[in-house]
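Colleague: The structure file protein_7.cif (mmCIF, C-alpha atoms and all ligand atoms) is provided below.
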data_input
loop_
_atom_site.label_atom_id
_atom_site.label_comp_id
_atom_site.auth_asym_id
_atom_site.auth_seq_id
_atom_site.Cartn_x
_atom_site.Cartn_y
_atom_site.Cartn_z
CA MET A 1385 29.85 45.12 -93.51
CA ASN A 1386 33.52 45.46 -92.63
CA SER A 1387 33.19 48.74 -90.76
CA PHE A 1388 30.62 47.69 -88.16
CA ARG A 1389 30.93 48.41 -84.44
CA LEU A 1390 28.67 45.90 -82.80
CA LEU A 1391 27.22 45.02 -79.41
CA LEU A 1392 26.00 41.43 -79.08
CA LEU A 1393 23.13 41.18 -76.62
CA GLY A 1394 21.71 37.86 -75.52
CA ALA A 1395 20.82 35.69 -72.58
CA PRO A 1396 23.45 33.56 -70.84
CA GLY A 1397 24.22 30.69 -73.19
CA SER A 1398 22.51 32.30 -76.18
CA GLY A 1399 25.76 31.97 -78.13
CA LYS A 1400 27.41 35.42 -77.97
CA GLY A 1401 30.90 33.93 -77.66
CA THR A 1402 30.14 31.33 -80.33
CA ILE A 1403 28.88 33.97 -82.78
CA THR A 1404 31.95 36.13 -82.04
CA LYS A 1405 34.18 33.23 -83.08
CA LYS A 1406 32.17 32.62 -86.25
CA LEU A 1407 32.38 36.32 -87.14
CA LYS A 1408 36.14 36.32 -86.60
CA ASN A 1409 36.41 33.53 -89.18
CA VAL A 1410 34.85 35.75 -91.84
CA VAL A 1411 36.05 39.19 -90.68
CA PRO A 1412 39.76 38.57 -90.02
CA ASN A 1413 40.60 42.01 -88.58
CA LEU A 1414 37.68 41.99 -86.16
CA GLN A 1415 38.64 43.02 -82.60
CA SER A 1416 36.47 42.05 -79.65
CA ILE A 1417 36.07 42.49 -75.92
CA ALA A 1418 34.01 40.07 -73.82
CA SER A 1419 33.52 41.45 -70.32
CA GLY A 1420 32.98 37.97 -68.84
CA ASP A 1421 36.31 36.78 -70.33
CA LEU A 1422 38.10 39.80 -68.80
CA LEU A 1423 36.60 39.01 -65.39
CA ARG A 1424 37.53 35.31 -65.58
CA GLN A 1425 41.10 36.32 -66.48
CA GLU A 1426 41.18 38.61 -63.40
CA ILE A 1427 39.95 35.71 -61.26
CA GLN A 1428 42.58 33.37 -62.67
CA ALA A 1429 45.29 35.98 -62.04
CA LYS A 1430 44.02 36.30 -58.43
CA THR A 1431 43.83 40.11 -58.59
CA ASN A 1432 41.79 42.14 -56.07
CA LEU A 1433 39.12 42.70 -58.69
CA GLY A 1434 39.17 38.99 -59.49
CA GLN A 1435 38.51 38.15 -55.85
CA ILE A 1436 35.53 40.50 -55.70
CA ALA A 1437 34.20 39.39 -59.10
CA SER A 1438 34.41 35.69 -58.30
CA GLU A 1439 31.85 36.06 -55.49
CA TYR A 1440 29.35 37.90 -57.67
CA ILE A 1441 29.84 35.57 -60.64
CA ALA A 1442 29.47 32.37 -58.63
CA GLN A 1443 26.14 33.69 -57.34
CA GLY A 1444 25.02 34.69 -60.83
CA LYS A 1445 24.91 38.38 -59.88
CA LEU A 1446 26.15 41.30 -61.96
CA ILE A 1447 29.28 42.90 -60.58
CA PRO A 1448 28.93 46.62 -59.68
CA ASP A 1449 28.86 49.03 -62.62
CA ASP A 1450 31.89 51.09 -61.54
CA LEU A 1451 34.13 48.00 -61.38
CA ILE A 1452 33.17 46.65 -64.80
CA ILE A 1453 33.28 50.08 -66.44
CA SER A 1454 36.85 50.69 -65.29
CA LEU A 1455 37.91 47.15 -66.28
CA VAL A 1456 36.55 47.56 -69.80
CA ALA A 1457 38.03 51.08 -70.01
CA ASN A 1458 41.45 49.56 -69.28
CA HIS A 1459 41.09 47.20 -72.25
CA ILE A 1460 39.27 49.48 -74.68
CA GLY A 1461 42.51 50.19 -76.57
CA VAL A 1462 42.21 46.69 -78.07
CA LEU A 1463 39.37 47.91 -80.26
CA SER A 1464 41.41 50.41 -82.24
CA GLN A 1465 44.65 48.41 -82.14
CA GLY A 1466 46.67 49.13 -85.27
CA THR A 1467 44.43 52.03 -86.29
CA THR A 1468 46.36 55.19 -86.98
CA SER A 1469 43.62 57.59 -87.99
CA THR A 1470 40.01 58.37 -87.17
CA THR A 1471 39.01 58.05 -90.83
CA ILE A 1472 39.79 54.33 -91.07
CA MET A 1473 36.96 52.43 -89.45
CA LYS A 1474 37.96 49.12 -87.95
CA PRO A 1475 35.29 46.57 -87.12
CA TRP A 1476 34.90 45.69 -83.47
CA LEU A 1477 32.41 44.03 -81.20
CA LEU A 1478 31.49 43.98 -77.54
CA ASP A 1479 30.08 40.86 -75.85
CA GLY A 1480 28.49 41.21 -72.40
CA PHE A 1481 29.11 44.94 -71.96
CA PRO A 1482 27.15 47.24 -71.72
CA ARG A 1483 24.61 45.29 -69.70
CA THR A 1484 22.89 48.09 -67.77
CA LEU A 1485 21.73 51.57 -68.78
CA HIS A 1486 24.48 53.11 -66.68
CA GLN A 1487 27.09 51.01 -68.50
CA ALA A 1488 25.54 51.98 -71.85
CA THR A 1489 25.89 55.69 -71.14
CA ALA A 1490 29.39 55.19 -69.67
CA LEU A 1491 30.51 53.51 -72.90
CA ASN A 1492 30.46 56.87 -74.73
CA GLY A 1493 32.93 58.22 -72.19
CA ILE A 1494 35.42 55.36 -72.41
CA LEU A 1495 35.57 54.91 -76.19
CA THR A 1496 38.40 56.90 -77.72
CA PRO A 1497 37.79 59.03 -80.85
CA ARG A 1498 39.58 56.32 -82.84
CA ASP A 1499 37.17 53.63 -81.61
CA GLN A 1500 34.10 55.62 -82.72
CA ASN A 1501 30.70 54.42 -81.50
CA LEU A 1502 28.32 51.49 -81.85
CA THR A 1503 26.68 51.14 -85.27
CA LYS A 1504 24.60 48.05 -84.48
CA VAL A 1505 23.21 46.15 -81.52
CA ILE A 1506 22.17 42.60 -82.38
CA GLU A 1507 20.12 40.66 -79.87
CA LEU A 1508 20.36 36.86 -80.08
CA ASP A 1509 16.94 35.54 -79.16
CA VAL A 1510 17.31 31.84 -78.34
CA PRO A 1511 14.56 29.88 -76.56
CA GLU A 1512 15.33 29.09 -72.91
CA SER A 1513 14.68 25.39 -73.60
CA ALA A 1514 17.62 25.36 -76.03
CA ILE A 1515 19.89 27.27 -73.63
CA LEU A 1516 19.39 25.14 -70.53
CA GLY A 1517 20.75 21.98 -72.13
CA ARG A 1518 23.95 23.52 -73.45
CA ILE A 1519 25.37 25.52 -70.54
CA GLU A 1520 26.06 22.62 -68.20
CA THR A 1521 28.15 20.95 -70.91
CA ARG A 1522 30.25 24.08 -71.62
CA TYR A 1523 34.00 24.16 -70.93
CA VAL A 1524 36.26 27.17 -71.43
CA HIS A 1525 39.92 28.01 -71.89
CA VAL A 1526 40.18 31.08 -69.66
CA PRO A 1527 43.31 32.83 -71.06
CA SER A 1528 41.92 32.89 -74.63
CA GLY A 1529 38.17 32.79 -73.96
CA ARG A 1530 37.82 29.80 -76.31
CA ILE A 1531 34.55 27.98 -75.68
CA TYR A 1532 33.77 24.29 -76.08
CA ASN A 1533 30.77 22.09 -75.58
CA SER A 1534 30.96 18.37 -75.08
CA SER A 1535 28.30 17.78 -77.74
CA TYR A 1536 28.14 20.87 -80.01
CA ASN A 1537 31.85 21.67 -80.45
CA PRO A 1538 33.97 19.26 -78.42
CA PRO A 1539 37.73 19.82 -78.11
CA LYS A 1540 39.96 17.47 -80.10
CA VAL A 1541 41.22 15.99 -76.83
CA SER A 1542 38.57 15.85 -74.14
CA GLY A 1543 39.31 18.37 -71.35
CA PHE A 1544 42.10 20.24 -73.16
CA ASP A 1545 42.30 23.38 -75.31
CA ASP A 1546 42.84 22.68 -79.03
CA VAL A 1547 45.46 25.42 -79.48
CA THR A 1548 47.57 25.40 -76.29
CA GLY A 1549 46.84 21.93 -74.92
CA GLU A 1550 46.11 23.55 -71.55
CA PRO A 1551 43.29 22.20 -69.37
CA LEU A 1552 39.75 23.46 -69.87
CA VAL A 1553 37.63 24.50 -66.91
CA LYS A 1554 33.95 24.57 -66.09
CA ARG A 1555 32.71 28.06 -65.16
CA SER A 1556 31.64 28.54 -61.55
CA ASP A 1557 28.32 29.98 -62.77
CA ASP A 1558 27.50 27.09 -65.12
CA ASN A 1559 25.26 25.10 -62.79
CA GLU A 1560 21.50 24.77 -62.90
CA GLU A 1561 20.69 26.98 -59.90
CA THR A 1562 22.89 29.88 -61.03
CA ILE A 1563 21.80 29.60 -64.66
CA ILE A 1564 18.14 29.93 -63.71
CA LYS A 1565 18.93 33.09 -61.72
CA ARG A 1566 21.08 34.54 -64.51
CA LEU A 1567 18.37 33.94 -67.09
CA LYS A 1568 15.65 35.51 -64.92
CA ASP A 1569 17.80 38.59 -64.19
CA TYR A 1570 18.78 38.90 -67.85
CA TYR A 1571 15.21 39.23 -69.09
CA THR A 1572 14.49 41.97 -66.52
CA MET A 1573 17.72 43.84 -67.11
CA VAL A 1574 17.69 43.74 -70.91
CA LYS A 1575 14.33 45.52 -71.36
CA PRO A 1576 15.51 49.10 -70.68
CA LEU A 1577 18.77 48.42 -72.52
CA LYS A 1578 16.88 47.26 -75.62
CA GLN A 1579 14.65 50.32 -75.45
CA PHE A 1580 17.75 52.55 -75.21
CA TYR A 1581 19.19 51.10 -78.42
CA LYS A 1582 15.79 50.86 -80.14
CA ASP A 1583 15.38 54.60 -79.58
CA LYS A 1584 18.74 55.09 -81.30
CA GLY A 1585 17.48 53.00 -84.24
CA ILE A 1586 20.33 50.45 -84.06
CA LEU A 1587 18.69 47.40 -82.43
CA ILE A 1588 18.08 44.27 -84.51
CA THR A 1589 16.79 40.99 -83.01
CA VAL A 1590 17.55 37.63 -84.61
CA HIS A 1591 15.85 34.40 -83.59
CA GLY A 1592 16.77 30.71 -83.66
CA GLU A 1593 17.41 27.56 -81.67
CA THR A 1594 20.99 27.04 -82.81
CA SER A 1595 24.02 29.21 -83.55
CA ASP A 1596 24.08 27.76 -87.07
CA ILE A 1597 20.59 29.19 -87.67
CA ILE A 1598 21.44 32.49 -85.93
CA PHE A 1599 24.77 33.19 -87.64
CA PRO A 1600 23.52 33.83 -91.23
CA GLN A 1601 20.95 36.22 -89.77
CA VAL A 1602 23.71 38.09 -87.93
CA LEU A 1603 25.63 38.43 -91.19
CA GLN A 1604 22.51 39.71 -92.92
CA ALA A 1605 21.85 42.18 -90.10
CA LEU A 1606 25.38 43.51 -90.47
CA GLU A 1607 24.81 44.10 -94.21
CA GLU A 1608 21.67 46.15 -93.55
CA ARG A 1609 22.08 49.91 -93.44
P1 LIG B 1701 29.40 36.46 -69.34
O1 LIG B 1701 30.64 35.70 -69.45
O2 LIG B 1701 29.18 37.66 -70.17
P2 LIG B 1701 26.76 35.49 -70.09
O3 LIG B 1701 25.91 34.94 -69.00
O4 LIG B 1701 26.33 36.79 -70.64
O5 LIG B 1701 28.21 35.42 -69.48
P3 LIG B 1701 27.57 33.29 -71.54
O6 LIG B 1701 27.15 32.35 -70.45
O7 LIG B 1701 29.02 33.55 -71.72
O8 LIG B 1701 26.81 34.63 -71.36
P4 LIG B 1701 27.20 33.07 -74.40
O9 LIG B 1701 28.53 33.68 -74.61
O10 LIG B 1701 26.01 33.83 -74.91
O11 LIG B 1701 26.92 32.72 -72.89
O12 LIG B 1701 27.13 31.61 -75.01
P5 LIG B 1701 28.32 30.66 -75.59
O13 LIG B 1701 29.37 30.45 -74.58
O14 LIG B 1701 28.70 31.12 -76.96
O15 LIG B 1701 27.47 29.31 -75.77
C1 LIG B 1701 27.06 28.58 -74.63
C2 LIG B 1701 27.39 27.08 -74.83
O16 LIG B 1701 26.55 26.57 -75.86
C3 LIG B 1701 28.82 26.80 -75.29
O17 LIG B 1701 29.25 25.58 -74.71
C4 LIG B 1701 28.70 26.64 -76.81
O18 LIG B 1701 29.71 25.80 -77.34
C5 LIG B 1701 27.34 25.99 -76.90
N1 LIG B 1701 26.59 26.29 -78.13
C6 LIG B 1701 26.62 27.42 -78.87
N2 LIG B 1701 25.77 27.31 -79.91
C7 LIG B 1701 25.19 26.08 -79.81
C8 LIG B 1701 24.22 25.39 -80.59
O19 LIG B 1701 23.72 25.89 -81.59
N3 LIG B 1701 23.88 24.14 -80.16
C9 LIG B 1701 24.43 23.58 -79.04
N4 LIG B 1701 24.03 22.35 -78.67
N5 LIG B 1701 25.34 24.19 -78.28
C10 LIG B 1701 25.72 25.43 -78.66
O20 LIG B 1701 29.20 36.96 -67.82
C11 LIG B 1701 29.41 36.09 -66.75
C12 LIG B 1701 29.24 36.85 -65.45
O21 LIG B 1701 30.24 37.88 -65.38
C13 LIG B 1701 29.70 39.06 -64.79
C14 LIG B 1701 28.30 38.69 -64.30
O22 LIG B 1701 28.42 38.17 -63.01
C15 LIG B 1701 27.91 37.59 -65.30
O23 LIG B 1701 26.89 36.74 -64.79
N6 LIG B 1701 29.64 40.13 -65.83
C16 LIG B 1701 29.19 41.35 -65.62
N7 LIG B 1701 28.66 41.96 -64.52
C17 LIG B 1701 28.25 43.24 -64.67
N8 LIG B 1701 28.29 43.91 -65.84
C18 LIG B 1701 28.83 43.35 -66.96
N9 LIG B 1701 28.87 44.04 -68.12
C19 LIG B 1701 29.29 42.01 -66.87
N10 LIG B 1701 29.84 41.17 -67.77
C20 LIG B 1701 30.05 40.02 -67.12
MG MG B 1702 30.07 34.27 -73.31
#
I need this file expressed as structure tokens, please.
Ligand code: G5P
Ligand code: MG

Modeller:
Amino acid sequence: MNSFRLLLLGAPGSGKGTITKKLKNVVPNLQSIASGDLLRQEIQAKTNLGQIASEYIAQGKLIPDDLIISLVANHIGVLSQGTTSTTIMKPWLLDGFPRTLHQATALNGILTPRDQNLTKVIELDVPESAILGRIETRYVHVPSGRIYNSSYNPPKVSGFDDVTGEPLVKRSDDNEETIIKRLKDYYTMVKPLKQFYKDKGILITVHGETSDIIFPQVLQALEER
């Protein structure tokens, strides 16, 4: 299991970030990139890209492929951090990228030989009824990407990050209107992407209403050859 290179697919609020954290607890050297976290960090740093991205994100729209591909390319080195040879396979995962067919084909071009390529794509299939309730109560710590939820995993001190003590924020896209748009777009957009990875024989779908039900299935999927 330790050598996987994984893409987590799943609707907004399906628990991709939550499952990433759970995986990091059991795979200590796991590296990850979450495209949404990178964009929120750009917004917080008030970069040009951040200014453009904030408008798309607040409206629940995907940002243009070329912008997200170059942003991820700039951070892709994180995946093979500490790796000195192409024969040692380090586990890594991507959350939220690729999200379109164009991004999926571009990924091959931005991975370095040391990163190698995806071995598994796991789709988290969570009913929309379970998702809607949890997104509006989500709070995030932007610099680290740590995620909280006022009922499921509340911070120790309400409104503040457990590790740094810095304030938590609500995402601009975590409101009912935007969530409904994001969900609708996701189901349309994911179909060709799923087919792409199904054709490669690496797509596995896991189902469940909670991350605690989903997580053991993710572990099992990672064990499967
Ligand atoms: P993101 O940031 O990639 P989404 O929409 O794909 O955003 P999101 O919203 O981050 O996905 P998630 O990571 O799948 O959801 O879910 P999560 O944060 O772990 O869990 C959601 C909440 O539920 C949390 O509060 C968590 O604590 C709680 N929770 C988890 N499990 C349970 C449970 O079992 N029970 C309960 N009660 N609660 C639970 O992308 C954002 C935007 O950035 C742009 C787009 O504009 C996008 O909309 N973007 C891109 N644009 C183009 N291309 C790309 N590749 C892009 N990537 C990002
Ligand atoms: Mg997320």

Colleague: Taking 4 positions as the minimum chain separation for residues in the same chain, which residues sit within 10 Å of Ser1556 (chain A) when counting all atoms listed in the file? Answer as a ChimeraX atom specification.

Modeller: /A:1424,1438-1439,1441-1444,1562

Colleague: Suppose you want the space between atom C8 of ligand LIG 1701 (chain B) and CA of Ser1534 (chain A); what is it in Å?

Modeller: 11.2 Å

Colleague: For ligand MG 1702 (chain B), list the contacting residues at 9 Å or closer, counting all atoms listed in the file, as a VMD selection string.

Modeller: chain A and resid 1396 to 1402 1418 to 1421 1479 to 1480 1529 1531

Colleague: State, in Å with one decimal place, the distance from CA of Thr1503 (chain A) to CA of Phe1388 (chain A).

Modeller: 6.0 Å

Colleague: List the neighbours of Leu1478 (chain A) out to 8 Å using only C-alpha atoms; skip same-chain residues closer than 2 positions along the sequence, and give me the result as number ranges by chain.

Modeller: A: 1390-1392, 1416-1419, 1476, 1480-1482

Colleague: Of the candidates A:Asn1559, A:Thr1572, A:Ser1535, A:Gln1465, which one gets nearest to ligand LIG 1701 (chain B) if we count all atoms listed in the file?

Modeller: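 That would be A:Ser1535, the residue with the smallest distance to ligand LIG 1701 (chain B).
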
Colleague: I'd like to know which of A:Tyr1523, A:Phe1580, A:Tyr1571, A:Tyr1536 is closest to Val1553 (chain A), using only C-alpha atoms.

Modeller: A:Tyr1523

Colleague: CA of Lys1504 (chain A) to atom N5 of ligand LIG 1701 (chain B): how many Å, to one decimal?

Modeller: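 These two atoms are separated by 24.7 Å.
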
Colleague: Give the centre and edge lengths of an axis-aligned box, in Å to one decimal, that holds all listed atoms of ligand LIG 1701 (chain B) with 4 Å on each side, as JSON.

Modeller:
{"center_x": 27.2, "center_y": 33.2, "center_z": -72.3, "size_x": 14.9, "size_y": 29.7, "size_z": 26.6}

Colleague: Just want the 12 Å neighbourhood of Pro1527 (chain A), counted on only C-alpha atoms, with same-chain residues fewer than 5 positions away dropped. Output as a PyMOL selection string.

Modeller: chain A and resi 1420-1429+1545+1547-1548+1550-1553

Colleague: Nearest to Met1573 (chain A) among A:Ala1395, A:Ala1605, A:Leu1491, A:Ile1460, with distances taken over all atoms listed in the file: which residue is it?

Modeller: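 Selected residue with least distance to Met1573 (chain A): A:Ala1395.
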
Colleague: Which protein, DNA or RNA residues have an atom at most 12 Å from (23.1, 40.0, -85.1), counting only C-alpha atoms? List them as a PyMOL selection string.

Modeller: chain A and resi 1385+1388-1394+1398-1400+1403-1404+1406-1407+1477-1479+1503-1509+1586-1592+1595+1597-1608
